[in-house]
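Here the structure is laid out as structure tokens; the discussion comes afterwards.
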Amino acid sequence: MHTLSVKTKNQTEMIDITRDVSAVVASSGIRDGVCTVFIPHTTAGVTINENADPDVQRDILMEINKIVPRQDGYRHAEGNSAAHLKSSLFGSSATVIVAGGRLCLGTWQSIFFCEFDGPRTREVWVQVSGT
Amino acid sequence: MHTLSVKTKNQTEMIDITRDVSAVVASSGIRDGVCTVFIPHTTAGVTINENADPDVQRDILMEINKIVPRQDGYRHAEGNSAAHLKSSLFGSSATVIVAGGRLCLGTWQSIFFCEFDGPRTREVWVQVSGT
Amino acid sequence: MHTLSVKTKNQTEMIDITRDVSAVVASSGIRDGVCTVFIPHTTAGVTINENADPDVQRDILMEINKIVPRQDGYRHAEGNSAAHLKSSLFGSSATVIVAGGRLCLGTWQSIFFCEFDGPRTREVWVQVSGT
């Protein structure tokens, strides 16, 4: 298992980690299998989405922040319950097929670390398994 | 890795792809492991849900379209930001256990390709890994 | 594949199943790989979130029940369409990395069975695959 470090700068933010995950796949020497990207935090998540127009990330965050408002009569004293729910909705892991020694992603896809309660220093765990 | 082709007919639509995924599992010859279904698109997703009453699919789409409205002050010029968020909420991969050479699904479960910005011709990537 | 049994007591509920999943990993004898937790039901799901303050689970359920209301003009006769959508949003599987023979979870993370249409007796399927 490899550990990546991510520094976030905003309360909610999407950070493209595809290059770092690809490097782990390359160094594993595994040709065919599956790459698991796991977020060991409960107020962050991971998703795969468009990497071309930064407005897509902006719109995704704007809308999820509207759907799950930061203040909404929550009881949890830390005040970040919205971030916990967003973490569950986006998910704590992404699974990507590995073929020919490379991550298989669609033309417009990147893997994004999703910060929902930043800014913080975060970890991403990556495992590559052969078929 | 196997590639399936899916033709969607509506802007949002759920299409049962269980039969095609099962065929990939059978042809792999793998008895025990995990099947990864991956969607290489950023305005579509995959989910596992009920296959018995078509009203369930209709209700799921009706409600998610209400929660994430198509128009909502988005900045992305293509006008499909809602589809991008739905893709992240439903997810770009499904993982199903394989045992005895077969996909393990509950009685009422099917695997659905989820179109959020159709109609289009789409791909689904399927990988089977042994334990 | 191992089957766990879960008895839920409320209509919506999060139940920590980490201890049972860990036991399956230990008994598998696998040192490095991936653990797949799969829910074979269409009105339940699985998520990984905070296990420290029970108010987090309460807030997550309160807010998702508000976002996806139980009554909202659904057509499905069983009246549990909201539970079906929550199942798709939370997801039917969780993937956790296994290293050194143990589940790799962050400090505050637990694996939760998510009941969205209880109370019922439910199953959880667990598979451990080596790298």
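Ordering of the structure tokens sets the chain letters (A, B, ...), residue numbers begin anew at 1 in every chain, and ligands are numbered from 1 in the order given.
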Produce a table with one row for each residue of chain C that has an atom at most 6 Å from any atom of chain A, each row naming the nearest atom pair and its distance in Å at one decimal; use only C-alpha atoms; arrange rows by chain and rising residue number; format as a Markdown table.
```
| residue | atom | partner | partner_atom | distance |
| --- | --- | --- | --- | --- |
| C:Thr47 | CA | A:Ser88 | CA | 6.0 |
| C:Asn49 | CA | A:Thr42 | CA | 5.1 |
| C:Glu50 | CA | A:Thr42 | CA | 5.7 |
| C:Asp55 | CA | A:His76 | CA | 5.1 |
| C:Val56 | CA | A:His76 | CA | 5.7 |
| C:Asp59 | CA | A:Tyr74 | CA | 5.7 |
| C:Ile60 | CA | A:Leu85 | CA | 5.3 |
| C:Leu89 | CA | A:Leu89 | CA | 5.8 |
| C:Phe90 | CA | A:Leu89 | CA | 5.5 |
| C:Leu105 | CA | A:Pro40 | CA | 5.9 |
| C:Gly106 | CA | A:Pro40 | CA | 4.2 |
| C:Thr131 | CA | A:Ser129 | CA | 4.2 |
```
DSSP on the backbone, strand (DSSP E or B) only: what residues of chain C does that give? Format it as an MDAnalysis selection string.
chainID C and resid 2:7 13:16 33:38 44:50 93:99 102:103 109:115 121:130
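Taking atom CA of B:Thr107 as the reference point, atom CA of B:Arg58 is found at 19.9 Å.
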Do a neighbour search on B:Thr121 at 7 Å with only C-alpha atoms, toss out local chain neighbours closer than 6 positions, and write the hits as an NGL selection string.
:B and (6-8)
Once DSSP has gone over the backbone, tell me which residues of stretch 59-91 of chain C are in alpha helix (DSSP H), as a list in words.
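The alpha helix (DSSP H) residues within stretch 59-91 of chain C come out as Asp59, Ile60, Leu61, Met62, Glu63, Ile64, Asn65, Lys66, Ile67, Ser81, Ala82, Ala83, His84, Leu85, Lys86, Ser87, Ser88, Leu89 and Phe90 of chain C.
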